[in-house]
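This is target_7.txt (compact mmCIF, C-alpha atoms).
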```
# COMPACT_ATOMS: atom_id res chain seq x y z
CA MET I 1 -33.80 9.28 8.62
CA THR I 2 -31.85 6.14 7.68
CA SER I 3 -28.61 5.65 9.59
CA LYS I 4 -25.42 5.53 7.57
CA LYS I 5 -23.62 2.22 7.26
CA ILE I 6 -20.36 2.10 9.21
CA ILE I 7 -17.09 1.39 7.46
CA VAL I 8 -14.16 0.64 9.75
CA VAL I 9 -10.86 1.98 8.42
CA PHE I 10 -7.71 0.41 9.83
CA GLY I 11 -4.59 2.47 9.28
CA ALA I 12 -6.80 5.55 9.13
CA THR I 13 -4.03 8.03 9.94
CA GLY I 14 -1.65 6.73 7.26
CA ALA I 15 -1.39 7.89 3.68
CA GLN I 16 -3.61 5.26 2.08
CA GLY I 17 -6.04 4.71 4.95
CA GLY I 18 -6.34 8.44 5.57
CA SER I 19 -7.23 9.13 1.94
CA VAL I 20 -9.88 6.41 2.01
CA ALA I 21 -11.35 7.65 5.31
CA ARG I 22 -11.58 11.26 4.12
CA ALA I 23 -13.29 10.21 0.90
CA ILE I 24 -15.83 7.99 2.67
CA LEU I 25 -16.66 10.85 5.06
CA LYS I 26 -17.95 12.78 2.04
CA SER I 27 -20.38 9.97 1.22
CA LYS I 28 -24.10 10.21 1.90
CA ASN I 29 -24.31 6.47 2.52
CA PHE I 30 -21.42 5.67 4.85
CA ALA I 31 -19.93 6.73 8.17
CA VAL I 32 -16.31 6.16 9.19
CA ARG I 33 -14.97 4.44 12.28
CA ALA I 34 -11.29 5.37 12.15
CA VAL I 35 -8.91 3.04 13.99
CA THR I 36 -5.64 4.43 15.32
CA ARG I 37 -3.23 3.69 18.13
CA ASP I 38 -3.24 7.36 19.15
CA VAL I 39 -6.56 9.21 18.95
CA THR I 40 -4.86 12.51 19.88
CA GLN I 41 -2.45 12.69 16.94
CA PRO I 42 -3.10 15.47 14.37
CA ASN I 43 -4.17 13.16 11.51
CA ALA I 44 -6.73 11.52 13.80
CA LEU I 45 -8.14 14.86 14.93
CA VAL I 46 -8.60 15.88 11.29
CA LEU I 47 -10.84 12.87 10.76
CA ARG I 48 -12.79 13.61 13.93
CA ASN I 49 -13.35 17.20 12.80
CA LEU I 50 -14.66 15.87 9.48
CA GLY I 51 -17.23 13.77 11.34
CA GLY I 52 -15.38 10.48 11.77
CA GLU I 53 -15.64 8.30 14.87
CA LEU I 54 -12.21 7.78 16.40
CA VAL I 55 -11.49 4.42 18.03
CA LYS I 56 -8.28 3.45 19.75
CA GLY I 57 -7.06 0.10 18.49
CA ASP I 58 -3.93 -1.83 17.70
CA LEU I 59 -3.62 -4.57 15.08
CA ASN I 60 -1.17 -6.31 17.40
CA ASP I 61 -3.85 -6.61 20.09
CA GLU I 62 -6.36 -9.32 19.21
CA ALA I 63 -8.74 -8.40 22.03
CA SER I 64 -9.19 -4.85 20.74
CA VAL I 65 -10.07 -5.71 17.14
CA LYS I 66 -13.36 -7.64 17.36
CA PRO I 67 -15.26 -4.96 19.34
CA ILE I 68 -14.16 -2.39 16.76
CA LEU I 69 -15.85 -4.40 13.99
CA LYS I 70 -19.15 -4.73 15.87
CA ASP I 71 -22.19 -3.38 13.95
CA ALA I 72 -20.00 -2.41 10.98
CA TYR I 73 -21.08 -2.88 7.36
CA ALA I 74 -17.56 -3.17 6.00
CA ALA I 75 -13.89 -2.59 6.71
CA PHE I 76 -10.89 -1.25 4.85
CA VAL I 77 -7.71 -2.94 6.01
CA VAL I 78 -4.19 -1.73 5.27
CA THR I 79 -1.14 -2.87 7.21
CA ASN I 80 2.21 -1.11 7.28
CA PHE I 81 5.27 -3.31 6.84
CA TRP I 82 7.48 -0.24 7.22
CA ASP I 83 6.40 0.22 10.84
CA HIS I 84 8.45 -2.78 11.90
CA LEU I 85 10.00 -4.29 8.74
CA SER I 86 8.74 -7.73 9.76
CA LYS I 87 6.75 -9.99 7.43
CA LYS I 88 5.85 -12.21 10.39
CA LYS I 89 4.30 -9.30 12.31
CA GLU I 90 2.41 -8.05 9.27
CA VAL I 91 0.92 -11.49 8.59
CA TYR I 92 -0.06 -11.78 12.26
CA GLN I 93 -1.91 -8.46 12.09
CA GLY I 94 -3.88 -9.48 9.03
CA LYS I 95 -4.85 -12.82 10.54
CA ILE I 96 -6.16 -11.06 13.66
CA VAL I 97 -8.60 -9.05 11.52
CA ALA I 98 -9.64 -12.09 9.47
CA ASP I 99 -10.26 -14.22 12.56
CA ALA I 100 -12.21 -11.43 14.26
CA ALA I 101 -14.44 -11.10 11.19
CA LYS I 102 -15.24 -14.80 10.75
CA ASN I 103 -18.58 -14.70 12.54
CA LEU I 104 -19.52 -11.18 11.53
CA VAL I 105 -21.58 -10.23 8.50
CA LEU I 106 -19.41 -7.59 6.94
CA LYS I 107 -17.44 -7.00 3.79
CA HIS I 108 -13.74 -6.23 3.56
CA VAL I 109 -11.52 -4.37 1.17
CA TYR I 110 -7.94 -5.37 1.83
CA SER I 111 -4.93 -3.49 0.49
CA GLY I 112 -2.78 -6.41 -0.58
CA LEU I 113 0.04 -7.31 -2.94
CA GLU I 114 1.20 -10.37 -4.86
CA ASN I 115 3.04 -13.17 -3.09
CA VAL I 116 6.23 -12.86 -5.14
CA LYS I 117 7.93 -15.82 -3.48
CA TRP I 118 5.05 -18.10 -4.51
CA LEU I 119 4.75 -16.60 -8.01
CA THR I 120 8.44 -17.12 -8.74
CA GLY I 121 8.69 -20.58 -7.20
CA GLY I 122 10.94 -19.27 -4.44
CA LYS I 123 13.42 -17.57 -6.79
CA LEU I 124 12.58 -14.13 -5.38
CA GLU I 125 11.51 -13.07 -1.91
CA VAL I 126 10.04 -9.60 -1.39
CA LEU I 127 9.05 -9.27 2.24
CA HIS I 128 6.59 -6.37 1.99
CA PHE I 129 4.84 -8.09 -0.94
CA ASP I 130 4.93 -11.66 0.34
CA GLY I 131 3.44 -10.82 3.74
CA LYS I 132 0.45 -9.09 2.19
CA GLY I 133 0.10 -11.98 -0.26
CA GLU I 134 -0.02 -14.47 2.61
CA MET I 135 -2.63 -12.39 4.43
CA GLU I 136 -4.73 -12.19 1.30
CA GLU I 137 -4.67 -15.97 0.94
CA TYR I 138 -5.60 -16.37 4.62
CA PHE I 139 -8.59 -14.02 4.28
CA TRP I 140 -9.94 -16.06 1.38
CA SER I 141 -9.30 -19.36 3.18
CA THR I 142 -11.50 -18.26 6.09
CA GLY I 143 -14.46 -17.48 3.84
CA VAL I 144 -14.57 -13.83 4.93
CA PRO I 145 -16.09 -11.74 2.08
CA MET I 146 -13.12 -9.82 0.75
CA THR I 147 -11.84 -7.83 -2.22
CA SER I 148 -8.11 -7.23 -2.53
CA ILE I 149 -6.76 -4.11 -4.18
CA ARG I 150 -3.14 -4.27 -5.27
CA LEU I 151 -1.50 -0.91 -5.76
CA ALA I 152 1.36 0.01 -8.03
CA ALA I 153 4.23 2.09 -6.63
CA TYR I 154 3.11 5.42 -5.18
CA PHE I 155 3.92 8.55 -7.18
CA GLU I 156 4.52 10.05 -3.73
CA ASN I 157 7.73 7.98 -3.58
CA PHE I 158 9.27 10.71 -5.73
CA LEU I 159 8.99 12.97 -2.68
CA THR I 160 10.76 10.49 -0.38
CA MET I 161 12.81 7.39 -1.25
CA TRP I 162 12.94 8.21 -4.99
CA LYS I 163 13.47 11.93 -4.54
CA PRO I 164 15.64 13.44 -7.32
CA MET I 165 19.19 14.09 -6.14
CA LYS I 166 21.41 16.97 -7.24
CA ALA I 167 24.11 15.73 -9.61
CA ARG I 168 27.67 16.27 -8.50
CA ASP I 169 28.92 17.08 -11.97
CA GLY I 170 26.33 19.58 -13.16
CA ASP I 171 23.26 21.73 -12.58
CA TYR I 172 20.71 18.95 -12.94
CA TYR I 173 19.08 16.20 -10.86
CA THR I 174 18.97 12.43 -11.18
CA LEU I 175 16.53 9.63 -10.38
CA ALA I 176 18.38 6.59 -9.05
CA VAL I 177 15.94 3.74 -9.65
CA PRO I 178 17.53 0.76 -11.46
CA MET I 179 14.66 -0.21 -13.73
CA GLY I 180 16.48 0.30 -17.03
CA ASP I 181 13.94 0.75 -19.84
CA ILE I 182 11.23 -1.33 -18.13
CA PRO I 183 8.06 0.75 -17.59
CA THR I 184 7.12 1.07 -13.92
CA ASP I 185 3.45 1.26 -12.98
CA GLY I 186 2.57 4.07 -10.61
CA ILE I 187 -0.41 5.63 -8.89
CA SER I 188 -1.14 8.46 -6.49
CA VAL I 189 -2.58 7.61 -3.09
CA ALA I 190 -5.40 10.03 -3.89
CA ASP I 191 -6.40 7.95 -6.93
CA VAL I 192 -7.18 4.91 -4.80
CA VAL I 193 -10.26 6.31 -3.10
CA ALA I 194 -12.51 6.34 -6.16
CA VAL I 195 -11.94 2.62 -6.66
CA VAL I 196 -12.47 1.78 -2.99
CA SER I 197 -15.68 3.81 -2.95
CA SER I 198 -16.95 1.95 -6.02
CA ILE I 199 -16.22 -1.39 -4.36
CA PHE I 200 -18.13 -0.44 -1.20
CA ASN I 201 -21.05 0.82 -3.27
CA SER I 202 -21.18 -2.36 -5.41
CA PRO I 203 -19.52 -5.06 -3.28
CA GLU I 204 -21.11 -8.07 -4.96
CA GLU I 205 -19.40 -7.17 -8.23
CA PHE I 206 -15.94 -7.38 -6.66
CA LEU I 207 -16.12 -9.89 -3.81
CA GLY I 208 -13.53 -12.64 -4.12
CA LYS I 209 -11.48 -10.71 -6.65
CA ALA I 210 -8.03 -9.15 -6.66
CA VAL I 211 -7.91 -5.83 -8.49
CA GLY I 212 -4.63 -4.25 -9.59
CA LEU I 213 -4.52 -0.44 -9.69
CA SER I 214 -2.29 1.68 -11.90
CA ALA I 215 -2.56 5.23 -13.22
CA GLU I 216 0.31 5.04 -15.70
CA ALA I 217 3.34 2.96 -16.64
CA LEU I 218 6.43 4.98 -17.57
CA THR I 219 10.15 4.36 -17.80
CA ILE I 220 12.35 6.13 -15.27
CA GLN I 221 13.47 8.58 -17.97
CA GLN I 222 9.82 9.34 -18.79
CA TYR I 223 9.15 10.02 -15.11
CA ALA I 224 12.24 12.26 -15.13
CA ASP I 225 10.82 14.15 -18.10
CA VAL I 226 7.52 14.72 -16.27
CA LEU I 227 9.39 15.99 -13.19
CA SER I 228 11.58 18.26 -15.36
CA LYS I 229 8.51 19.85 -16.89
CA SER I 230 6.77 20.28 -13.54
CA LEU I 231 9.77 21.51 -11.54
CA GLY I 232 11.47 23.64 -14.15
CA LYS I 233 14.71 21.79 -13.38
CA GLU I 234 16.37 19.17 -15.55
CA VAL I 235 15.92 15.66 -14.16
CA ARG I 236 17.63 12.63 -15.72
CA ASP I 237 17.56 8.89 -15.26
CA ALA I 238 20.76 8.08 -13.36
CA LYS I 239 20.88 4.74 -15.19
CA ILE I 240 22.13 3.13 -12.04
CA ILE I 241 22.61 -0.64 -12.13
CA PRO I 242 21.21 -2.95 -9.43
CA HIS I 243 24.68 -3.77 -8.06
CA ALA I 244 25.40 -0.07 -7.45
CA TYR I 245 21.91 0.57 -6.13
CA LYS I 246 22.38 -2.21 -3.62
CA LYS I 247 25.20 -0.26 -1.98
CA LEU I 248 23.09 2.84 -1.36
CA GLY I 249 21.91 3.33 2.22
CA PHE I 250 18.31 2.91 3.29
CA PRO I 251 17.76 4.76 6.62
CA ALA I 252 14.53 2.97 7.50
CA ALA I 253 16.25 -0.37 7.23
CA GLU I 254 19.36 0.73 9.07
CA GLU I 255 17.30 2.01 12.00
CA LYS I 256 15.70 -1.43 12.35
CA LYS I 257 19.06 -3.22 11.97
CA ILE I 258 18.00 -4.92 8.75
CA PRO I 259 20.61 -4.87 5.96
CA SER I 260 19.67 -1.97 3.70
CA SER I 261 20.72 -3.93 0.62
CA THR I 262 18.09 -6.58 1.39
CA LEU I 263 15.18 -4.13 1.33
CA LYS I 264 16.41 -1.93 -1.49
CA ILE I 265 16.91 -4.76 -3.92
CA SER I 266 13.72 -6.52 -2.85
CA MET I 267 11.80 -3.32 -3.61
CA ILE I 268 13.19 -3.18 -7.14
CA ARG I 269 12.49 -6.86 -7.65
CA SER I 270 8.90 -6.23 -6.65
CA LEU I 271 8.60 -3.53 -9.30
CA LEU I 272 9.89 -5.93 -11.92
CA ILE I 273 6.82 -8.13 -11.27
CA SER I 274 4.92 -5.95 -13.72
CA PRO I 275 1.97 -6.38 -16.09
CA THR I 276 4.43 -7.18 -18.88
CA SER I 277 6.30 -9.85 -16.91
CA SER I 278 5.80 -13.59 -17.23
CA CYS I 279 4.32 -13.82 -13.72
CA PRO I 280 0.51 -13.95 -13.55
CA ILE I 281 -0.49 -10.94 -11.46
CA SER I 282 -3.82 -9.29 -10.89
CA PRO I 283 -5.57 -7.41 -13.71
CA LEU I 284 -4.91 -3.69 -13.67
CA PHE I 285 -7.56 -0.99 -13.53
CA HIS I 286 -6.02 2.15 -14.99
CA THR I 287 -7.39 5.29 -13.33
```
The structure given in the file should be rewritten as structure tokens.
Amino acid sequence: MTSKKIIVVFGATGAQGGSVARAILKSKNFAVRAVTRDVTQPNALVLRNLGGELVKGDLNDEASVKPILKDAYAAFVVTNFWDHLSKKKEVYQGKIVADAAKNLVLKHVYSGLENVKWLTGGKLEVLHFDGKGEMEEYFWSTGVPMTSIRLAAYFENFLTMWKPMKARDGDYYTLAVPMGDIPTDGISVADVVAVVSSIFNSPEEFLGKAVGLSAEALTIQQYADVLSKSLGKEVRDAKIIPHAYKKLGFPAAEEKKIPSSTLKISMIRSLLISPTSSCPISPLFHT
């Protein structure tokens, strides 16, 4: 019986990494080595029960990364800016993986994003995009075989930071996302796994490429219409302007003592770097 090829999944207990790990575990060709800082947490135990190999590792610890990659066929790498809200730390984590892989024969799929600061000639700076863009460039500069997937905004954001809010002046809800009438690309985390699986099954077709992923591009009002139909409650576009949106609190930023306005507006700016913008971004695969 032929042994399955091992795919290392960094960020295996997160939303994106977890979806990828679970999908790979259903494959007849691949086994999963799931990397997590805490092998006892519930999401990790789910992967173990599905047949995954759990490995304790930390992307901030260079010494722990290289042994994790030993004997692996490939790796899926996703870093989480929102853990620390630091572009510098995120870039450091990506470079650790790239350096550890230099002398290993394995293929990578990296969950990246565009370097907005570079694309706009320094006019815009979007920390959680720019860090991933810098890491992507570093991976390619080292010669490590790599494919970058660039995801649109998660549909799951409508359950968290974009959650509809009850209107004060009526029995309806509003979406406060200042995109005006510009369509916003979106995708579900669950939709990513089919693409990642295809890349691992046919790596030569995608190596050295950046692939943008989108399921649909809708205006905020169109997203509101979809939510209204699904929830049975009226949802409207709040038609909030960027200046007003900037004043809204962002708990994750406040907890880390980073001005909430900085992250909130940078997030919206990142969404404006869309397939219809003048900036050259990656081609989109619509799921």
Exercise for the section: For a cut-off of 10 Å around (10.7, -13.2, -5.0), file coordinates, pick out all residues using all atoms listed in the file and list them as JSON, numbers by chain. Expected result: {"I": [114, 115, 116, 117, 118, 119, 120, 121, 122, 123, 124, 125, 126, 127, 129, 130, 266, 269, 270, 273]}
Specify the axis-aligned box that encloses all atoms of region 41-54 of chain I listed in the file after padding of 5 Å on each side, stating its centre and edge lengths in Å to one decimal as AutoDock Vina command-line options.
```
--center_x -9.8 --center_y 12.5 --center_z 13.2 --size_x 24.8 --size_y 19.4 --size_z 17.5
```
Handout entry: Which residue of I:Gly51, I:Gly14, I:Gly232, I:Gly57 approaches Val35 (chain I) most closely, using all atoms listed in the file
Key = I:Gly57
Problem - Point-to-point distance from CA of Ala101 (chain I) to CA of Val32 (chain I), Å rounded to tenths - result: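 Pair CA of Ala101 (chain I) / CA of Val32 (chain I) returns 17.5 Å.
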Per-residue nearest contacts of region 156-228 of chain I to region 69-91 of chain I (10 Å; only C-alpha atoms) as a tab-separated table:
```
residue	atom	partner	partner_atom	distance
I:Val196	CA	I:Phe76	CA	8.6
I:Phe200	CA	I:Ala74	CA	7.7
I:Pro203	CA	I:Ala74	CA	9.7
```
Give me, as a Markdown table, the closest atom pair and its distance (Å, one decimal) for every residue of region 195-260 of chain I within a cut-off of 6 Å of region 179-189 of chain I, counting only C-alpha atoms, rows sorted by chain and rising number.
```
| residue | atom | partner | partner_atom | distance |
| --- | --- | --- | --- | --- |
| I:Ser214 | CA | I:Ile187 | CA | 5.3 |
| I:Ala215 | CA | I:Ile187 | CA | 4.9 |
| I:Glu216 | CA | I:Asp185 | CA | 5.6 |
| I:Ala217 | CA | I:Asp185 | CA | 4.0 |
| I:Leu218 | CA | I:Pro183 | CA | 4.5 |
| I:Thr219 | CA | I:Pro183 | CA | 4.2 |
```
Export of the given selection (C-alpha atoms) as a compact mmCIF listing (two decimals), in the coordinates of the input:
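Just written: result03.txt:
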```
# COMPACT_ATOMS: atom_id res chain seq x y z
CA SER I 214 -2.29 1.68 -11.90
CA ALA I 215 -2.56 5.23 -13.22
CA GLU I 216 0.31 5.04 -15.70
CA ALA I 217 3.34 2.96 -16.64
CA LEU I 218 6.43 4.98 -17.57
CA THR I 219 10.15 4.36 -17.80
```
Skipping near chain neighbours, those fewer than 2 positions away, what residues fall within 9 Å of Asn29 (chain I) using only C-alpha atoms, listed as a PDB file with C-alpha atoms, keeping the file's coordinate frame?
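File selection_11.pdb, as written:
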```
ATOM      1  CA  SER I   3     -28.610   5.650   9.590  1.00  0.00           C
ATOM      2  CA  LYS I   4     -25.420   5.530   7.570  1.00  0.00           C
ATOM      3  CA  LYS I   5     -23.620   2.220   7.260  1.00  0.00           C
ATOM      4  CA  ILE I   6     -20.360   2.100   9.210  1.00  0.00           C
ATOM      5  CA  ILE I  24     -15.830   7.990   2.670  1.00  0.00           C
ATOM      6  CA  LYS I  26     -17.950  12.780   2.040  1.00  0.00           C
ATOM      7  CA  SER I  27     -20.380   9.970   1.220  1.00  0.00           C
ATOM      8  CA  ALA I  31     -19.930   6.730   8.170  1.00  0.00           C
ATOM      9  CA  ASN I 201     -21.050   0.820  -3.270  1.00  0.00           C
TER      10      ASN I 201
END
```
Exercise for the section: Check the smallest atom-to-atom distance from each of I:His243, I:Lys66, I:Lys28, I:His108 to Met146 (chain I) using only C-alpha atoms, then report the winner. Expected result: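 The closest residue to Met146 (chain I) is I:His108.
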Practice task
Name the closest residue to Ile7 (chain I) among the candidates I:Ala21, I:Val65, I:Val105, I:Ala167; distances are taken between atoms, counting only C-alpha atoms.
Solution key: I:Ala21
Problem - For CA of Leu175 (chain I) and CA of Ile220 (chain I), the interatomic separation in Å (one decimal) - result: 7.3 Å
Problem - Given all atoms listed in the file as the counted atoms, nearest of I:Ala44, I:Met161, I:Val193, I:Leu106 to Val177 (chain I) - result: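 Of the candidates, the smallest distance to Val177 (chain I) is held by I:Met161.
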Problem - One-decimal distance in Å that lies between CA of Lys56 (chain I) and CA of Arg33 (chain I) - result: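 Answer for the CA of Arg33 (chain I) to CA of Lys56 (chain I) separation: 10.1 Å.
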Problem - Given all atoms listed in the file as the counted atoms, nearest of I:Pro164, I:Gly212, I:Pro178, I:Gly133 to Glu234 (chain I) - result: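 Checking each candidate against Glu234 (chain I), we get I:Pro164 as the closest.
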Practice task
Identify which of the residues I:Gln16, I:Asn49, I:Ser64, I:Asn103 lies closest to Ile149 (chain I), counting only C-alpha atoms when measuring atom-to-atom distances.
Solution key: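 Closest to Ile149 (chain I) of all the choices is I:Gln16.
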Just add N, CA and C atoms to region 195-211 of chain I and send it as a PDB file, keeping the file's coordinate frame.
```pdb
ATOM      1  N   VAL I 195     -11.754   4.056  -6.473  1.00  0.00           N
ATOM      2  CA  VAL I 195     -11.940   2.620  -6.660  1.00  0.00           C
ATOM      3  C   VAL I 195     -12.526   1.982  -5.405  1.00  0.00           C
ATOM      4  N   VAL I 196     -11.976   2.337  -4.249  1.00  0.00           N
ATOM      5  CA  VAL I 196     -12.470   1.780  -2.990  1.00  0.00           C
ATOM      6  C   VAL I 196     -13.933   2.149  -2.785  1.00  0.00           C
ATOM      7  N   SER I 197     -14.279   3.381  -3.083  1.00  0.00           N
ATOM      8  CA  SER I 197     -15.680   3.810  -2.950  1.00  0.00           C
ATOM      9  C   SER I 197     -16.599   3.008  -3.859  1.00  0.00           C
ATOM     10  N   SER I 198     -16.145   2.743  -5.085  1.00  0.00           N
ATOM     11  CA  SER I 198     -16.950   1.950  -6.020  1.00  0.00           C
ATOM     12  C   SER I 198     -17.158   0.537  -5.501  1.00  0.00           C
ATOM     13  N   ILE I 199     -16.107  -0.027  -4.893  1.00  0.00           N
ATOM     14  CA  ILE I 199     -16.220  -1.390  -4.360  1.00  0.00           C
ATOM     15  C   ILE I 199     -17.223  -1.433  -3.212  1.00  0.00           C
ATOM     16  N   PHE I 200     -17.186  -0.452  -2.318  1.00  0.00           N
ATOM     17  CA  PHE I 200     -18.130  -0.440  -1.200  1.00  0.00           C
ATOM     18  C   PHE I 200     -19.560  -0.191  -1.675  1.00  0.00           C
ATOM     19  N   ASN I 201     -19.709   0.550  -2.751  1.00  0.00           N
ATOM     20  CA  ASN I 201     -21.050   0.820  -3.270  1.00  0.00           C
ATOM     21  C   ASN I 201     -21.615  -0.370  -4.050  1.00  0.00           C
ATOM     22  N   SER I 202     -20.738  -1.191  -4.633  1.00  0.00           N
ATOM     23  CA  SER I 202     -21.180  -2.360  -5.410  1.00  0.00           C
ATOM     24  C   SER I 202     -20.356  -3.585  -5.021  1.00  0.00           C
ATOM     25  N   PRO I 203     -20.424  -4.002  -3.769  1.00  0.00           N
ATOM     26  CA  PRO I 203     -19.520  -5.060  -3.280  1.00  0.00           C
ATOM     27  C   PRO I 203     -19.674  -6.392  -3.991  1.00  0.00           C
ATOM     28  N   GLU I 204     -20.901  -6.757  -4.365  1.00  0.00           N
ATOM     29  CA  GLU I 204     -21.110  -8.070  -4.960  1.00  0.00           C
ATOM     30  C   GLU I 204     -20.350  -8.223  -6.277  1.00  0.00           C
ATOM     31  N   GLU I 205     -20.114  -7.137  -6.945  1.00  0.00           N
ATOM     32  CA  GLU I 205     -19.400  -7.170  -8.230  1.00  0.00           C
ATOM     33  C   GLU I 205     -17.928  -7.518  -8.056  1.00  0.00           C
ATOM     34  N   PHE I 206     -17.385  -7.237  -6.862  1.00  0.00           N
ATOM     35  CA  PHE I 206     -15.940  -7.380  -6.660  1.00  0.00           C
ATOM     36  C   PHE I 206     -15.541  -8.430  -5.637  1.00  0.00           C
ATOM     37  N   LEU I 207     -16.475  -8.946  -4.863  1.00  0.00           N
ATOM     38  CA  LEU I 207     -16.120  -9.890  -3.810  1.00  0.00           C
ATOM     39  C   LEU I 207     -15.383 -11.107  -4.374  1.00  0.00           C
ATOM     40  N   GLY I 208     -14.315 -11.486  -3.691  1.00  0.00           N
ATOM     41  CA  GLY I 208     -13.530 -12.640  -4.120  1.00  0.00           C
ATOM     42  C   GLY I 208     -12.532 -12.347  -5.211  1.00  0.00           C
ATOM     43  N   LYS I 209     -12.386 -11.071  -5.564  1.00  0.00           N
ATOM     44  CA  LYS I 209     -11.480 -10.710  -6.650  1.00  0.00           C
ATOM     45  C   LYS I 209     -10.282  -9.927  -6.132  1.00  0.00           C
ATOM     46  N   ALA I 210      -9.194  -9.996  -6.895  1.00  0.00           N
ATOM     47  CA  ALA I 210      -8.030  -9.150  -6.660  1.00  0.00           C
ATOM     48  C   ALA I 210      -7.951  -8.166  -7.813  1.00  0.00           C
ATOM     49  N   VAL I 211      -7.876  -6.883  -7.486  1.00  0.00           N
ATOM     50  CA  VAL I 211      -7.910  -5.830  -8.490  1.00  0.00           C
ATOM     51  C   VAL I 211      -6.615  -5.028  -8.432  1.00  0.00           C
TER      52      VAL I 211
END
```
